[in-house]
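A quick write-up on the structure given underneath.
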Amino acid sequence: RCEAQGIARNLERFETAFMVCFWSTALHRIHKVSKTIQSGTVDVLLVRDLYGSLEEYFVSERNNFSYFEELGMKITKTETYDSYEKDTSRQTKRKVWPDETRSEEVNLTGRDDLRINTFLPILDSFICEFKRRKVAYSDFVDKFYFLTQLCDSKTDINITEEELRNKATKLHQIYQNDLDSDFIEECIHFQKHCAVGMDNPSDKTLEGISTFLRKN
């Protein structure tokens with residue numbers, strides 16, 4: 001019974017309501033992006049941009065602490081910011097050692113404690129992680145995305161021969177032990193084939209090109 005009462009008290013805390021609102025919002029945004037990324041037709045460029053959007057989204061959320069406070073107050077049916085447990089409970093004082101003074105201690109309010117020690121660190125972790133993923137996909141896009149531009153169902157050729165040669169050369173320099181010596185000319189040849197040998201627009205999609213390459 002005492003354990004149940006303790007759990008009930010924790011669930012009724014303003015801090016709990018705040019975190020429920022915050023995590024619900026954050027995880028909903030992440031889930032939406034994850035579903036898009038896991039779809040079968042997603043493009044690496046879109047994945048990079050989606051991770052970038054999450055990074056920027058959580059950067060902007062750093063300024064929205066008050067918004068989640070208001071949501072928490074609606075759940076707990078409170079109308080002031082004085083509902084933090086740290087502000088209403090008896091505070092224990094830490095033992096001061098001989099080389100310390102009380103003036104050196106920083107006493108944060110319940111609001112500042114939640115914002116500085118919980119809310120912002122969680123957001124900063126999200127920001128760092130999604131920035132890391134965005135950078136990883138940006139590196140991948142810089143190296144390989146030109147291969148998706150060899151054919152385009154609307155414009156026939158979506159990258160100039162000069163651009164193609166430059167990008168193919170850079171890729172070959174990075175993976176010289178894995179790519180054939182004629183990789184650059186092969187890319188240019190395939191670009192021309194896309195322009196004159198693929199009349200069906202569906203053949204010029206990524207799926208169509210992938211099917212063609214596997215068969216040939």
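Residues in the structure tokens are named by chain (A, B, ... in the order shown) and by number from 1 within that chain; ligands are numbered from 1 in the order shown.
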Please report as a Markdown table every residue of segment 124-148 of chain A lying within 12 Å of segment 20-42 of chain A, along with the nearest atom pair and their distance in Å (one decimal), using only C-alpha atoms.
```
| residue | atom | partner | partner_atom | distance |
| --- | --- | --- | --- | --- |
| A:Phe126 | CA | A:Ala26 | CA | 9.4 |
| A:Ile127 | CA | A:Ala26 | CA | 11.8 |
| A:Glu129 | CA | A:Ile30 | CA | 12.0 |
| A:Phe130 | CA | A:Ile30 | CA | 10.2 |
```
Check: Which of these residues is nearest to Val59 of chain A, using only C-alpha atoms: A:Asn117, A:Ser125, A:Thr78, A:Thr148?
Finding: A:Ser125
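Using only C-alpha atoms, the shortest contact distance between Lys167 of chain A and any of A:Glu185, A:Tyr57, A:Phe146, A:Cys151 is found at A:Phe146.
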Margin query: My list of candidates is A:Glu61, A:Glu162, A:Asp139, A:Asp182. Which is closest to Arg115 of chain A when distances are computed with only C-alpha atoms?
Written below: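 Under the stated criterion, the closest residue is A:Glu61.
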Next item on the list: Can you pull out every residue within 7 Å of segment 135-137 of chain A, counting only C-alpha atoms, but drop anything in the same chain fewer than 4 positions away, and send it as a ChimeraX atom specification?
Entry: /A:48,131,141
With a distance cut-off of 7 Å and only C-alpha atoms, select the neighbouring residues of Phe68 of chain A, excluding the residue or stretch itself and same-chain residues fewer than 2 positions from it, and output the selection as a PDB file with N, CA and C atoms, in the first residue's frame.
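And here is the file that came out, result13.pdb:
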```
ATOM      1  N   PHE A  18       5.136  17.417 -16.642  1.00  0.00           N
ATOM      2  CA  PHE A  18       5.975  18.161 -17.595  1.00  0.00           C
ATOM      3  C   PHE A  18       6.707  17.200 -18.522  1.00  0.00           C
ATOM      4  N   CYS A  21       4.526  15.382 -21.119  1.00  0.00           N
ATOM      5  CA  CYS A  21       4.206  16.254 -22.262  1.00  0.00           C
ATOM      6  C   CYS A  21       5.409  16.414 -23.183  1.00  0.00           C
ATOM      7  N   PHE A  22       6.574  16.603 -22.583  1.00  0.00           N
ATOM      8  CA  PHE A  22       7.788  16.804 -23.375  1.00  0.00           C
ATOM      9  C   PHE A  22       8.142  15.558 -24.178  1.00  0.00           C
ATOM     10  N   ASN A  64      11.386  26.553 -25.710  1.00  0.00           N
ATOM     11  CA  ASN A  64       9.965  26.294 -25.468  1.00  0.00           C
ATOM     12  C   ASN A  64       9.688  25.666 -24.107  1.00  0.00           C
ATOM     13  N   PHE A  65      10.540  25.913 -23.145  1.00  0.00           N
ATOM     14  CA  PHE A  65      10.329  25.345 -21.811  1.00  0.00           C
ATOM     15  C   PHE A  65       8.985  25.782 -21.233  1.00  0.00           C
ATOM     16  N   SER A  66       8.655  27.047 -21.388  1.00  0.00           N
ATOM     17  CA  SER A  66       7.399  27.573 -20.834  1.00  0.00           C
ATOM     18  C   SER A  66       6.184  26.893 -21.452  1.00  0.00           C
ATOM     19  N   GLU A  70       3.184  24.988 -19.357  1.00  0.00           N
ATOM     20  CA  GLU A  70       1.745  25.249 -19.464  1.00  0.00           C
ATOM     21  C   GLU A  70       0.972  23.953 -19.693  1.00  0.00           C
ATOM     22  N   LEU A  71       1.520  23.060 -20.515  1.00  0.00           N
ATOM     23  CA  LEU A  71       0.872  21.762 -20.727  1.00  0.00           C
ATOM     24  C   LEU A  71       0.845  20.961 -19.428  1.00  0.00           C
ATOM     25  N   GLY A  72       1.944  21.013 -18.677  1.00  0.00           N
ATOM     26  CA  GLY A  72       2.000  20.298 -17.400  1.00  0.00           C
ATOM     27  C   GLY A  72       1.004  20.844 -16.399  1.00  0.00           C
TER      28      GLY A  72
END
```
Margin query: To one decimal place in Å, what is the distance between atom CA of Ile184 of chain A and atom CA of Thr169 of chain A?
Written below: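 One can read the atom CA of Ile184 of chain A to atom CA of Thr169 of chain A distance as 6.2 Å.
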Next item on the list: Find the residue from A:Glu15, A:Asp178, A:Asp142, A:Glu55 that sits nearest to Leu114 of chain A; use only C-alpha atoms when measuring.
Entry: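 Looking at the shortest contact to Leu114 of chain A, the residue is A:Glu15.
Minimum atom-to-atom distance to Arg165 of chain A, evaluated using only C-alpha atoms, belongs to A:Ile188 out of A:Ile188, A:Leu147, A:Ile122, A:Val47.
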